[in-house]
$ cat model_10.cif   # mmCIF, N, CA and C atoms
data_target
#
loop_
_atom_site.label_atom_id
_atom_site.label_comp_id
_atom_site.auth_asym_id
_atom_site.auth_seq_id
_atom_site.Cartn_x
_atom_site.Cartn_y
_atom_site.Cartn_z
N MET A 1 98.48 76.93 93.51
CA MET A 1 98.01 78.07 94.26
C MET A 1 98.40 79.35 93.49
N SER A 2 97.45 80.27 93.39
CA SER A 2 97.70 81.51 92.66
C SER A 2 98.71 82.39 93.41
N ARG A 3 99.32 83.29 92.69
CA ARG A 3 100.30 84.21 93.31
C ARG A 3 99.63 85.06 94.39
N SER A 4 98.41 85.50 94.13
CA SER A 4 97.67 86.31 95.10
C SER A 4 97.43 85.52 96.39
N LYS A 5 97.03 84.27 96.23
CA LYS A 5 96.78 83.40 97.39
C LYS A 5 98.07 83.15 98.16
N GLN A 6 99.17 82.97 97.44
CA GLN A 6 100.47 82.77 98.08
C GLN A 6 100.88 84.00 98.90
N LYS A 7 100.65 85.19 98.35
CA LYS A 7 100.97 86.43 99.07
C LYS A 7 100.15 86.52 100.36
N GLY A 8 98.87 86.21 100.26
CA GLY A 8 97.99 86.26 101.43
C GLY A 8 98.40 85.26 102.49
N THR A 9 98.71 84.04 102.06
CA THR A 9 99.13 82.99 102.99
C THR A 9 100.43 83.37 103.69
N ALA A 10 101.39 83.88 102.93
CA ALA A 10 102.68 84.29 103.52
C ALA A 10 102.49 85.43 104.51
N PHE A 11 101.60 86.37 104.19
CA PHE A 11 101.32 87.49 105.09
C PHE A 11 100.69 86.99 106.39
N GLU A 12 99.71 86.08 106.26
CA GLU A 12 99.07 85.50 107.45
C GLU A 12 100.10 84.78 108.32
N ARG A 13 100.96 83.99 107.70
CA ARG A 13 101.97 83.24 108.45
C ARG A 13 102.91 84.19 109.18
N ALA A 14 103.37 85.24 108.50
CA ALA A 14 104.29 86.19 109.11
C ALA A 14 103.65 86.89 110.30
N ILE A 15 102.41 87.31 110.16
CA ILE A 15 101.72 88.02 111.26
C ILE A 15 101.45 87.05 112.41
N ALA A 16 100.98 85.86 112.12
CA ALA A 16 100.70 84.88 113.19
C ALA A 16 101.98 84.56 113.96
N ASP A 17 103.07 84.30 113.25
CA ASP A 17 104.33 83.98 113.92
C ASP A 17 104.82 85.15 114.77
N TYR A 18 104.71 86.35 114.23
CA TYR A 18 105.15 87.54 114.95
C TYR A 18 104.33 87.74 116.23
N LEU A 19 103.01 87.64 116.12
CA LEU A 19 102.17 87.82 117.31
C LEU A 19 102.44 86.75 118.35
N ALA A 20 102.57 85.50 117.92
CA ALA A 20 102.84 84.40 118.85
C ALA A 20 104.16 84.65 119.60
N GLN A 21 105.17 85.11 118.86
CA GLN A 21 106.47 85.37 119.46
C GLN A 21 106.40 86.56 120.42
N GLN A 22 105.82 87.66 119.98
CA GLN A 22 105.76 88.86 120.80
C GLN A 22 104.90 88.68 122.05
N MET A 23 103.84 87.90 121.93
CA MET A 23 102.92 87.69 123.05
C MET A 23 103.30 86.46 123.88
N HIS A 24 104.33 85.73 123.45
CA HIS A 24 104.76 84.50 124.14
C HIS A 24 103.57 83.56 124.31
N ASP A 25 102.85 83.33 123.21
CA ASP A 25 101.64 82.52 123.24
C ASP A 25 101.57 81.64 122.01
N ASP A 26 101.86 80.36 122.18
CA ASP A 26 101.87 79.45 121.03
C ASP A 26 100.47 79.03 120.57
N ARG A 27 99.43 79.55 121.21
CA ARG A 27 98.06 79.28 120.74
C ARG A 27 97.70 80.17 119.55
N ILE A 28 98.45 81.24 119.34
CA ILE A 28 98.21 82.15 118.22
C ILE A 28 98.75 81.50 116.95
N ASP A 29 97.87 81.32 115.96
CA ASP A 29 98.27 80.67 114.72
C ASP A 29 97.27 81.01 113.62
N ARG A 30 97.59 80.64 112.40
CA ARG A 30 96.63 80.81 111.31
C ARG A 30 95.41 79.97 111.62
N ALA A 31 94.25 80.52 111.35
CA ALA A 31 92.99 79.83 111.62
C ALA A 31 92.65 78.89 110.46
N PRO A 32 92.03 77.76 110.78
CA PRO A 32 91.59 76.88 109.70
C PRO A 32 90.44 77.52 108.91
N LEU A 33 90.36 77.21 107.64
CA LEU A 33 89.26 77.71 106.82
C LEU A 33 87.98 77.01 107.24
N VAL A 34 86.90 77.81 107.40
CA VAL A 34 85.63 77.23 107.82
C VAL A 34 84.48 77.59 106.89
N GLY A 35 84.72 78.30 105.81
CA GLY A 35 83.66 78.60 104.86
C GLY A 35 82.83 79.79 105.24
N ALA A 36 81.51 79.65 105.14
CA ALA A 36 80.59 80.77 105.29
C ALA A 36 80.61 81.41 106.67
N LYS A 37 80.93 80.67 107.68
CA LYS A 37 80.95 81.19 109.05
C LYS A 37 82.38 81.49 109.50
N ASP A 38 83.13 82.14 108.63
CA ASP A 38 84.53 82.47 108.89
C ASP A 38 84.66 83.22 110.21
N LYS A 39 85.72 82.89 110.95
CA LYS A 39 85.97 83.51 112.26
C LYS A 39 87.32 84.22 112.28
N GLY A 40 87.78 84.69 111.11
CA GLY A 40 89.02 85.43 111.03
C GLY A 40 90.16 84.59 110.52
N ASP A 41 91.29 85.25 110.28
CA ASP A 41 92.45 84.59 109.69
C ASP A 41 93.47 84.09 110.70
N ILE A 42 93.45 84.67 111.90
CA ILE A 42 94.39 84.28 112.96
C ILE A 42 93.57 83.90 114.18
N SER A 43 93.88 82.75 114.76
CA SER A 43 93.16 82.31 115.96
C SER A 43 94.04 82.45 117.19
N GLY A 44 93.39 82.43 118.35
CA GLY A 44 94.11 82.44 119.61
C GLY A 44 94.52 83.81 120.12
N VAL A 45 94.02 84.88 119.51
CA VAL A 45 94.37 86.23 119.95
C VAL A 45 93.35 86.67 120.99
N VAL A 46 93.85 86.99 122.18
CA VAL A 46 92.97 87.35 123.29
C VAL A 46 93.55 88.55 124.02
N SER A 47 92.67 89.49 124.36
CA SER A 47 93.06 90.61 125.20
C SER A 47 92.58 90.30 126.63
N PRO A 48 92.93 91.11 127.60
CA PRO A 48 92.40 90.88 128.95
C PRO A 48 90.87 90.96 129.02
N PHE A 49 90.26 91.49 127.96
CA PHE A 49 88.82 91.72 127.97
C PHE A 49 88.04 90.74 127.08
N GLY A 50 88.72 89.96 126.27
CA GLY A 50 88.04 88.99 125.42
C GLY A 50 88.81 88.65 124.16
N ARG A 51 88.21 87.75 123.38
CA ARG A 51 88.84 87.31 122.12
C ARG A 51 88.80 88.40 121.06
N ILE A 52 89.81 88.36 120.19
CA ILE A 52 89.90 89.33 119.10
C ILE A 52 89.98 88.57 117.79
N VAL A 53 89.17 88.99 116.83
CA VAL A 53 89.20 88.41 115.49
C VAL A 53 90.11 89.29 114.63
N LEU A 54 91.05 88.65 113.95
CA LEU A 54 91.94 89.36 113.04
C LEU A 54 91.65 88.94 111.61
N GLU A 55 91.34 89.91 110.78
CA GLU A 55 91.16 89.71 109.35
C GLU A 55 92.37 90.33 108.67
N LEU A 56 93.13 89.54 107.92
CA LEU A 56 94.36 90.02 107.30
C LEU A 56 94.16 90.27 105.81
N LYS A 57 94.76 91.36 105.33
CA LYS A 57 94.63 91.73 103.92
C LYS A 57 95.99 92.16 103.37
N ASN A 58 96.39 91.54 102.28
CA ASN A 58 97.62 91.91 101.57
C ASN A 58 97.21 92.24 100.13
N HIS A 59 96.67 93.44 99.95
CA HIS A 59 96.17 93.88 98.65
C HIS A 59 96.84 95.19 98.26
N ASN A 60 96.95 95.43 96.98
CA ASN A 60 97.50 96.70 96.50
C ASN A 60 96.54 97.86 96.75
N ARG A 61 95.26 97.57 96.68
CA ARG A 61 94.23 98.60 96.82
C ARG A 61 93.52 98.43 98.16
N GLN A 62 93.48 99.50 98.95
CA GLN A 62 92.81 99.43 100.24
C GLN A 62 91.32 99.62 100.08
N GLU A 63 90.58 98.77 100.76
CA GLU A 63 89.12 98.85 100.80
C GLU A 63 88.69 98.74 102.26
N LEU A 64 89.07 99.74 103.05
CA LEU A 64 88.90 99.66 104.50
C LEU A 64 87.46 99.43 104.94
N ALA A 65 86.51 100.11 104.34
CA ALA A 65 85.11 99.95 104.76
C ALA A 65 84.66 98.50 104.57
N VAL A 66 84.98 97.92 103.44
CA VAL A 66 84.61 96.53 103.16
C VAL A 66 85.32 95.60 104.13
N TRP A 67 86.61 95.84 104.36
CA TRP A 67 87.38 94.97 105.23
C TRP A 67 86.91 95.04 106.68
N VAL A 68 86.60 96.26 107.17
CA VAL A 68 86.12 96.40 108.54
C VAL A 68 84.76 95.71 108.69
N ASP A 69 83.89 95.84 107.69
CA ASP A 69 82.61 95.13 107.73
C ASP A 69 82.83 93.63 107.79
N GLU A 70 83.79 93.12 107.03
CA GLU A 70 84.11 91.69 107.04
C GLU A 70 84.62 91.26 108.42
N ALA A 71 85.50 92.05 109.00
CA ALA A 71 86.02 91.74 110.34
C ALA A 71 84.90 91.74 111.37
N GLU A 72 83.96 92.66 111.24
CA GLU A 72 82.84 92.72 112.17
C GLU A 72 81.92 91.51 112.02
N THR A 73 81.69 91.08 110.79
CA THR A 73 80.89 89.87 110.56
C THR A 73 81.57 88.66 111.21
N GLU A 74 82.87 88.55 111.00
CA GLU A 74 83.62 87.43 111.57
C GLU A 74 83.68 87.51 113.09
N ARG A 75 83.72 88.73 113.64
CA ARG A 75 83.65 88.92 115.09
C ARG A 75 82.36 88.32 115.62
N GLY A 76 81.26 88.60 114.93
CA GLY A 76 79.97 88.03 115.34
C GLY A 76 79.96 86.52 115.22
N ASN A 77 80.53 85.98 114.13
CA ASN A 77 80.60 84.53 113.96
C ASN A 77 81.38 83.87 115.09
N ALA A 78 82.41 84.55 115.58
CA ALA A 78 83.27 83.99 116.63
C ALA A 78 82.82 84.38 118.03
N ASP A 79 81.77 85.19 118.13
CA ASP A 79 81.32 85.73 119.41
C ASP A 79 82.50 86.36 120.15
N ALA A 80 83.26 87.17 119.43
CA ALA A 80 84.47 87.79 119.96
C ALA A 80 84.19 89.23 120.40
N LEU A 81 85.13 89.79 121.11
CA LEU A 81 85.03 91.14 121.62
C LEU A 81 85.08 92.18 120.51
N VAL A 82 86.05 92.02 119.60
CA VAL A 82 86.27 93.03 118.57
C VAL A 82 86.85 92.39 117.32
N GLY A 83 86.57 93.00 116.18
CA GLY A 83 87.15 92.60 114.91
C GLY A 83 88.16 93.63 114.46
N VAL A 84 89.33 93.18 114.03
CA VAL A 84 90.42 94.06 113.65
C VAL A 84 90.93 93.65 112.28
N VAL A 85 91.25 94.64 111.45
CA VAL A 85 91.86 94.38 110.15
C VAL A 85 93.35 94.69 110.25
N VAL A 86 94.17 93.73 109.88
CA VAL A 86 95.61 93.93 109.76
C VAL A 86 95.89 93.96 108.27
N HIS A 87 96.43 95.08 107.77
CA HIS A 87 96.64 95.17 106.33
C HIS A 87 98.05 95.63 105.99
N LYS A 88 98.48 95.18 104.82
CA LYS A 88 99.84 95.39 104.35
C LYS A 88 100.14 96.86 104.18
N ARG A 89 101.28 97.26 104.70
CA ARG A 89 101.79 98.61 104.52
C ARG A 89 102.87 98.55 103.45
N ARG A 90 102.60 99.13 102.32
CA ARG A 90 103.52 99.08 101.18
C ARG A 90 104.89 99.63 101.55
N GLY A 91 105.92 98.92 101.14
CA GLY A 91 107.28 99.36 101.39
C GLY A 91 107.81 98.95 102.76
N LYS A 92 106.98 98.26 103.53
CA LYS A 92 107.38 97.82 104.86
C LYS A 92 107.20 96.31 104.94
N GLY A 93 108.30 95.59 105.13
CA GLY A 93 108.24 94.14 105.11
C GLY A 93 108.14 93.47 106.46
N GLN A 94 108.43 94.21 107.54
CA GLN A 94 108.41 93.60 108.87
C GLN A 94 106.98 93.53 109.40
N PRO A 95 106.61 92.41 110.03
CA PRO A 95 105.24 92.26 110.55
C PRO A 95 104.81 93.39 111.48
N GLY A 96 105.69 93.85 112.34
CA GLY A 96 105.34 94.90 113.29
C GLY A 96 105.11 96.26 112.67
N ASP A 97 105.46 96.43 111.40
CA ASP A 97 105.28 97.70 110.71
C ASP A 97 103.96 97.80 109.94
N GLN A 98 103.15 96.76 109.97
CA GLN A 98 101.92 96.75 109.18
C GLN A 98 100.84 97.58 109.86
N TYR A 99 99.79 97.90 109.12
CA TYR A 99 98.69 98.72 109.62
C TYR A 99 97.64 97.87 110.33
N VAL A 100 96.95 98.51 111.27
CA VAL A 100 95.80 97.91 111.96
C VAL A 100 94.66 98.91 111.88
N THR A 101 93.48 98.44 111.49
CA THR A 101 92.30 99.29 111.40
C THR A 101 91.15 98.64 112.15
N LEU A 102 90.43 99.44 112.93
CA LEU A 102 89.24 98.98 113.63
C LEU A 102 88.36 100.19 113.89
N THR A 103 87.15 99.94 114.35
CA THR A 103 86.25 101.04 114.67
C THR A 103 86.65 101.65 116.01
N VAL A 104 86.19 102.86 116.27
CA VAL A 104 86.45 103.50 117.56
C VAL A 104 85.77 102.69 118.67
N ASP A 105 84.57 102.16 118.42
CA ASP A 105 83.93 101.31 119.44
C ASP A 105 84.80 100.09 119.74
N GLY A 106 85.44 99.54 118.71
CA GLY A 106 86.35 98.42 118.93
C GLY A 106 87.53 98.84 119.80
N LEU A 107 88.05 100.02 119.55
CA LEU A 107 89.15 100.53 120.36
C LEU A 107 88.72 100.70 121.82
N VAL A 108 87.53 101.25 122.03
CA VAL A 108 87.02 101.42 123.39
C VAL A 108 86.94 100.07 124.10
N LYS A 109 86.45 99.06 123.40
CA LYS A 109 86.38 97.71 123.98
C LYS A 109 87.76 97.18 124.33
N LEU A 110 88.73 97.36 123.44
CA LEU A 110 90.10 96.89 123.72
C LEU A 110 90.70 97.60 124.92
N LEU A 111 90.30 98.84 125.14
CA LEU A 111 90.80 99.60 126.27
C LEU A 111 90.02 99.34 127.55
N GLY A 112 88.99 98.50 127.46
CA GLY A 112 88.24 98.10 128.65
C GLY A 112 87.04 98.96 128.95
N GLY A 113 86.68 99.85 128.04
CA GLY A 113 85.54 100.72 128.27
C GLY A 113 84.23 100.06 127.90
N PRO A 114 83.13 100.56 128.45
CA PRO A 114 81.81 100.00 128.14
C PRO A 114 81.26 100.55 126.82
N ILE A 115 80.53 99.72 126.14
CA ILE A 115 79.80 100.12 124.94
C ILE A 115 78.34 99.82 125.22
N GLY A 116 77.48 100.77 124.89
CA GLY A 116 76.05 100.59 125.16
C GLY A 116 75.49 99.33 124.53
N ASN A 117 74.38 98.86 125.03
CA ASN A 117 73.72 97.64 124.55
C ASN A 117 73.29 97.72 123.12
N ASP A 118 73.11 98.95 122.58
CA ASP A 118 72.64 99.09 121.21
C ASP A 118 73.77 98.88 120.20
N ARG A 119 74.97 98.56 120.62
CA ARG A 119 76.09 98.35 119.70
C ARG A 119 76.31 96.89 119.57
#
$ encode --input "model_10.cif" --output "structure tokens"
Amino acid sequence: MSRSKQKGTAFERAIADYLAQQMHDDRIDRAPLVGAKDKGDISGVVSPFGRIVLELKNHNRQELAVWVDEAETERGNADALVGVVVHKRRGKGQPGDQYVTLTVDGLVKLLGGPIGNDR
């Protein structure tokens, strides 16, 4: 396994374990690889309003637009409420210190607000 792949796997494991512990939910775990119809990197994440797809990134260079588009595609594949990108915050090693990026419409959905049918 390449060093890059190892970093990504370790990041996914740390975030999955942290979320499972904080949410007291052992259904939260790394998602199995499914190929072209990817449904995110962490499975079992649910808000009171629906399922959430998490796309995790541990890269030196941020590409937020690309990553958010990827999370949105995976949200559609999973028929989930919202797609969220969790990405590495340089200089911060604790899972709870990492960044989260999503669209404002995604935030509205997480907060329980309505989004028009055209979204």
$ resolve_selection --input "model_10.cif" --expression "the PyMOL selection byres ((chain A and resi 49) around 8)" --output "ChimeraX atom specification"
/A:46-48,50-52,80-82,109-112
$ write_last_selection --input "model_10.cif" --atoms "N, CA and C atoms" --output "PDB file, in the coordinates of the input"
ATOM      1  N   VAL A  46      93.850  86.990 122.180  1.00  0.00           N
ATOM      2  CA  VAL A  46      92.970  87.350 123.290  1.00  0.00           C
ATOM      3  C   VAL A  46      93.550  88.550 124.020  1.00  0.00           C
ATOM      4  N   SER A  47      92.670  89.490 124.360  1.00  0.00           N
ATOM      5  CA  SER A  47      93.060  90.610 125.200  1.00  0.00           C
ATOM      6  C   SER A  47      92.580  90.300 126.630  1.00  0.00           C
ATOM      7  N   PRO A  48      92.930  91.110 127.600  1.00  0.00           N
ATOM      8  CA  PRO A  48      92.400  90.880 128.950  1.00  0.00           C
ATOM      9  C   PRO A  48      90.870  90.960 129.020  1.00  0.00           C
ATOM     10  N   GLY A  50      88.720  89.960 126.270  1.00  0.00           N
ATOM     11  CA  GLY A  50      88.040  88.990 125.420  1.00  0.00           C
ATOM     12  C   GLY A  50      88.810  88.650 124.160  1.00  0.00           C
ATOM     13  N   ARG A  51      88.210  87.750 123.380  1.00  0.00           N
ATOM     14  CA  ARG A  51      88.840  87.310 122.120  1.00  0.00           C
ATOM     15  C   ARG A  51      88.800  88.400 121.060  1.00  0.00           C
ATOM     16  N   ILE A  52      89.810  88.360 120.190  1.00  0.00           N
ATOM     17  CA  ILE A  52      89.900  89.330 119.100  1.00  0.00           C
ATOM     18  C   ILE A  52      89.980  88.570 117.790  1.00  0.00           C
ATOM     19  N   ALA A  80      83.260  87.170 119.430  1.00  0.00           N
ATOM     20  CA  ALA A  80      84.470  87.790 119.960  1.00  0.00           C
ATOM     21  C   ALA A  80      84.190  89.230 120.400  1.00  0.00           C
ATOM     22  N   LEU A  81      85.130  89.790 121.110  1.00  0.00           N
ATOM     23  CA  LEU A  81      85.030  91.140 121.620  1.00  0.00           C
ATOM     24  C   LEU A  81      85.080  92.180 120.510  1.00  0.00           C
ATOM     25  N   VAL A  82      86.050  92.020 119.600  1.00  0.00           N
ATOM     26  CA  VAL A  82      86.270  93.030 118.570  1.00  0.00           C
ATOM     27  C   VAL A  82      86.850  92.390 117.320  1.00  0.00           C
ATOM     28  N   LYS A 109      86.450  99.060 123.400  1.00  0.00           N
ATOM     29  CA  LYS A 109      86.380  97.710 123.980  1.00  0.00           C
ATOM     30  C   LYS A 109      87.760  97.180 124.330  1.00  0.00           C
ATOM     31  N   LEU A 110      88.730  97.360 123.440  1.00  0.00           N
ATOM     32  CA  LEU A 110      90.100  96.890 123.720  1.00  0.00           C
ATOM     33  C   LEU A 110      90.700  97.600 124.920  1.00  0.00           C
ATOM     34  N   LEU A 111      90.300  98.840 125.140  1.00  0.00           N
ATOM     35  CA  LEU A 111      90.800  99.600 126.270  1.00  0.00           C
ATOM     36  C   LEU A 111      90.020  99.340 127.550  1.00  0.00           C
ATOM     37  N   GLY A 112      88.990  98.500 127.460  1.00  0.00           N
ATOM     38  CA  GLY A 112      88.240  98.100 128.650  1.00  0.00           C
ATOM     39  C   GLY A 112      87.040  98.960 128.950  1.00  0.00           C
TER      40      GLY A 112
END
$ atom_distance --input "model_10.cif" --atom1 "atom CA of A:Thr101" --atom2 "atom CA of A:Asp41"
14.8 Å
$ resolve_selection --input "model_10.cif" --expression "the PyMOL selection byres (((chain A and resi 13-17 and name CA) around 10) and name CA)" --output "mmCIF file with N, CA and C atoms, keeping the file's coordinate frame"
data_model
loop_
_atom_site.group_PDB
_atom_site.id
_atom_site.type_symbol
_atom_site.label_atom_id
_atom_site.label_comp_id
_atom_site.auth_asym_id
_atom_site.auth_seq_id
_atom_site.Cartn_x
_atom_site.Cartn_y
_atom_site.Cartn_z
ATOM 1 N N LYS A 7 100.650 85.190 98.350
ATOM 2 C CA LYS A 7 100.970 86.430 99.070
ATOM 3 C C LYS A 7 100.150 86.520 100.360
ATOM 4 N N GLY A 8 98.870 86.210 100.260
ATOM 5 C CA GLY A 8 97.990 86.260 101.430
ATOM 6 C C GLY A 8 98.400 85.260 102.490
ATOM 7 N N THR A 9 98.710 84.040 102.060
ATOM 8 C CA THR A 9 99.130 82.990 102.990
ATOM 9 C C THR A 9 100.430 83.370 103.690
ATOM 10 N N ALA A 10 101.390 83.880 102.930
ATOM 11 C CA ALA A 10 102.680 84.290 103.520
ATOM 12 C C ALA A 10 102.490 85.430 104.510
ATOM 13 N N PHE A 11 101.600 86.370 104.190
ATOM 14 C CA PHE A 11 101.320 87.490 105.090
ATOM 15 C C PHE A 11 100.690 86.990 106.390
ATOM 16 N N GLU A 12 99.710 86.080 106.260
ATOM 17 C CA GLU A 12 99.070 85.500 107.450
ATOM 18 C C GLU A 12 100.100 84.780 108.320
ATOM 19 N N TYR A 18 104.710 86.350 114.230
ATOM 20 C CA TYR A 18 105.150 87.540 114.950
ATOM 21 C C TYR A 18 104.330 87.740 116.230
ATOM 22 N N LEU A 19 103.010 87.640 116.120
ATOM 23 C CA LEU A 19 102.170 87.820 117.310
ATOM 24 C C LEU A 19 102.440 86.750 118.350
ATOM 25 N N ALA A 20 102.570 85.500 117.920
ATOM 26 C CA ALA A 20 102.840 84.400 118.850
ATOM 27 C C ALA A 20 104.160 84.650 119.600
ATOM 28 N N GLN A 21 105.170 85.110 118.860
ATOM 29 C CA GLN A 21 106.470 85.370 119.460
ATOM 30 C C GLN A 21 106.400 86.560 120.420
ATOM 31 N N GLN A 22 105.820 87.660 119.980
ATOM 32 C CA GLN A 22 105.760 88.860 120.800
ATOM 33 C C GLN A 22 104.900 88.680 122.050
ATOM 34 N N MET A 23 103.840 87.900 121.930
ATOM 35 C CA MET A 23 102.920 87.690 123.050
ATOM 36 C C MET A 23 103.300 86.460 123.880
ATOM 37 N N ASP A 25 102.850 83.330 123.210
ATOM 38 C CA ASP A 25 101.640 82.520 123.240
ATOM 39 C C ASP A 25 101.570 81.640 122.010
ATOM 40 N N ASP A 26 101.860 80.360 122.180
ATOM 41 C CA ASP A 26 101.870 79.450 121.030
ATOM 42 C C ASP A 26 100.470 79.030 120.570
ATOM 43 N N ARG A 27 99.430 79.550 121.210
ATOM 44 C CA ARG A 27 98.060 79.280 120.740
ATOM 45 C C ARG A 27 97.700 80.170 119.550
ATOM 46 N N ILE A 28 98.450 81.240 119.340
ATOM 47 C CA ILE A 28 98.210 82.150 118.220
ATOM 48 C C ILE A 28 98.750 81.500 116.950
ATOM 49 N N ASP A 29 97.870 81.320 115.960
ATOM 50 C CA ASP A 29 98.270 80.670 114.720
ATOM 51 C C ASP A 29 97.270 81.010 113.620
ATOM 52 N N ARG A 30 97.590 80.640 112.400
ATOM 53 C CA ARG A 30 96.630 80.810 111.310
ATOM 54 C C ARG A 30 95.410 79.970 111.620
ATOM 55 N N ALA A 31 94.250 80.520 111.350
ATOM 56 C CA ALA A 31 92.990 79.830 111.620
ATOM 57 C C ALA A 31 92.650 78.890 110.460
ATOM 58 N N ASP A 41 91.290 85.250 110.280
ATOM 59 C CA ASP A 41 92.450 84.590 109.690
ATOM 60 C C ASP A 41 93.470 84.090 110.700
ATOM 61 N N ILE A 42 93.450 84.670 111.900
ATOM 62 C CA ILE A 42 94.390 84.280 112.960
ATOM 63 C C ILE A 42 93.570 83.900 114.180
ATOM 64 N N SER A 43 93.880 82.750 114.760
ATOM 65 C CA SER A 43 93.160 82.310 115.960
ATOM 66 C C SER A 43 94.040 82.450 117.190
ATOM 67 N N GLY A 44 93.390 82.430 118.350
ATOM 68 C CA GLY A 44 94.110 82.440 119.610
ATOM 69 C C GLY A 44 94.520 83.810 120.120
ATOM 70 N N VAL A 45 94.020 84.880 119.510
ATOM 71 C CA VAL A 45 94.370 86.230 119.950
ATOM 72 C C VAL A 45 93.350 86.670 120.990
ATOM 73 N N LEU A 54 91.050 88.650 113.950
ATOM 74 C CA LEU A 54 91.940 89.360 113.040
ATOM 75 C C LEU A 54 91.650 88.940 111.610
ATOM 76 N N LEU A 56 93.130 89.540 107.920
ATOM 77 C CA LEU A 56 94.360 90.020 107.300
ATOM 78 C C LEU A 56 94.160 90.270 105.810
ATOM 79 N N VAL A 86 94.170 93.730 109.880
ATOM 80 C CA VAL A 86 95.610 93.930 109.760
ATOM 81 C C VAL A 86 95.890 93.960 108.270
ATOM 82 N N GLY A 93 108.300 95.590 105.130
ATOM 83 C CA GLY A 93 108.240 94.140 105.110
ATOM 84 C C GLY A 93 108.140 93.470 106.460
ATOM 85 N N GLN A 94 108.430 94.210 107.540
ATOM 86 C CA GLN A 94 108.410 93.600 108.870
ATOM 87 C C GLN A 94 106.980 93.530 109.400
ATOM 88 N N PRO A 95 106.610 92.410 110.030
ATOM 89 C CA PRO A 95 105.240 92.260 110.550
ATOM 90 C C PRO A 95 104.810 93.390 111.480
ATOM 91 N N GLY A 96 105.690 93.850 112.340
ATOM 92 C CA GLY A 96 105.340 94.900 113.290
ATOM 93 C C GLY A 96 105.110 96.260 112.670
ATOM 94 N N GLN A 98 103.150 96.760 109.970
ATOM 95 C CA GLN A 98 101.920 96.750 109.180
ATOM 96 C C GLN A 98 100.840 97.580 109.860
#
$ resolve_selection --input "model_10.cif" --expression "the PyMOL selection byres ((chain A and resi 38) around 6)" --output "PyMOL selection string"
chain A and resi 34-37+39-40+74+77-78
$ axis_aligned_box --input "model_10.cif" --around "stretch 44-61 of chain A" --padding-each-side "5 Å" --output "JSON"
{"center_x": 92.8, "center_y": 90.5, "center_z": 112.8, "size_x": 19.6, "size_y": 26.2, "size_z": 42.5}
$ select_by_dssp --input "model_10.cif" --residues "chain A" --states "alpha helix (DSSP H)" --output "PyMOL selection string"
chain A and resi 3-23+64-78+104-110
$ atom_distance --input "model_10.cif" --atom1 "atom C of A:Ala71" --atom2 "atom C of A:Gly83"
4.9 Å
$ select_by_dssp --input "model_10.cif" --residues "chain A" --states "strand (DSSP E)" --output "list in words"
Asp29, Arg30, Ile42, Ser43, Val46, Ser47, Gly50, Arg51, Ile52, Val53, Leu54, Glu55, Leu56, Lys57, Val82, Gly83, Val84, Val85, Val86, His87, Tyr99, Val100 and Thr101 of chain A
$ closest_residue --input "model_10.cif" --among "A:Glu70, A:Pro32, A:Ile115, A:Val100" --to "A:Lys88" --atoms "all atoms listed in the file"
A:Val100
$ residues_around --input "model_10.cif" --residues "stretch 61-68 of chain A" --least-positions-apart "4" --cutoff "7 Å" --atoms "only C-alpha atoms" --output "list in words"
Glu72, Val85 and Leu102 of chain A
$ atom_distance --input "model_10.cif" --atom1 "atom C of A:Gly91" --atom2 "atom CA of A:Val108"
29.4 Å
$ decode --input "model_10.cif" --residues "stretch 45-76 of chain A" --atoms "C-alpha atoms" --output "PDB file, in the first residue's frame"
ATOM      1  CA  VAL A  45     -23.839   8.648   9.833  1.00  0.00           C
ATOM      2  CA  VAL A  46     -27.397   9.876  10.314  1.00  0.00           C
ATOM      3  CA  SER A  47     -28.901  13.161  11.451  1.00  0.00           C
ATOM      4  CA  PRO A  48     -32.473  13.504  12.743  1.00  0.00           C
ATOM      5  CA  PHE A  49     -33.361  14.499   9.177  1.00  0.00           C
ATOM      6  CA  GLY A  50     -31.625  11.781   7.141  1.00  0.00           C
ATOM      7  CA  ARG A  51     -28.422  10.023   6.143  1.00  0.00           C
ATOM      8  CA  ILE A  52     -25.202  11.952   5.650  1.00  0.00           C
ATOM      9  CA  VAL A  53     -22.437  11.019   3.220  1.00  0.00           C
ATOM     10  CA  LEU A  54     -18.928  11.810   4.421  1.00  0.00           C
ATOM     11  CA  GLU A  55     -16.088  12.143   1.928  1.00  0.00           C
ATOM     12  CA  LEU A  56     -12.717  12.279   3.699  1.00  0.00           C
ATOM     13  CA  LYS A  57      -9.590  13.931   2.327  1.00  0.00           C
ATOM     14  CA  ASN A  58      -6.067  13.937   3.760  1.00  0.00           C
ATOM     15  CA  HIS A  59      -4.172  15.931   1.129  1.00  0.00           C
ATOM     16  CA  ASN A  60      -1.558  18.662   1.322  1.00  0.00           C
ATOM     17  CA  ARG A  61      -3.381  20.719  -1.288  1.00  0.00           C
ATOM     18  CA  GLN A  62      -7.025  21.659  -0.800  1.00  0.00           C
ATOM     19  CA  GLU A  63      -9.355  21.266  -3.753  1.00  0.00           C
ATOM     20  CA  LEU A  64     -12.648  22.131  -2.086  1.00  0.00           C
ATOM     21  CA  ALA A  65     -14.735  22.602  -5.236  1.00  0.00           C
ATOM     22  CA  VAL A  66     -13.707  19.188  -6.581  1.00  0.00           C
ATOM     23  CA  TRP A  67     -14.194  17.526  -3.205  1.00  0.00           C
ATOM     24  CA  VAL A  68     -17.647  19.057  -2.614  1.00  0.00           C
ATOM     25  CA  ASP A  69     -18.717  17.950  -6.105  1.00  0.00           C
ATOM     26  CA  GLU A  70     -17.494  14.431  -5.266  1.00  0.00           C
ATOM     27  CA  ALA A  71     -19.422  14.429  -1.976  1.00  0.00           C
ATOM     28  CA  GLU A  72     -22.546  15.582  -3.800  1.00  0.00           C
ATOM     29  CA  THR A  73     -22.211  12.810  -6.388  1.00  0.00           C
ATOM     30  CA  GLU A  74     -21.822  10.259  -3.602  1.00  0.00           C
ATOM     31  CA  ARG A  75     -24.814  11.786  -1.784  1.00  0.00           C
ATOM     32  CA  GLY A  76     -26.875  11.076  -4.883  1.00  0.00           C
TER      33      GLY A  76
END
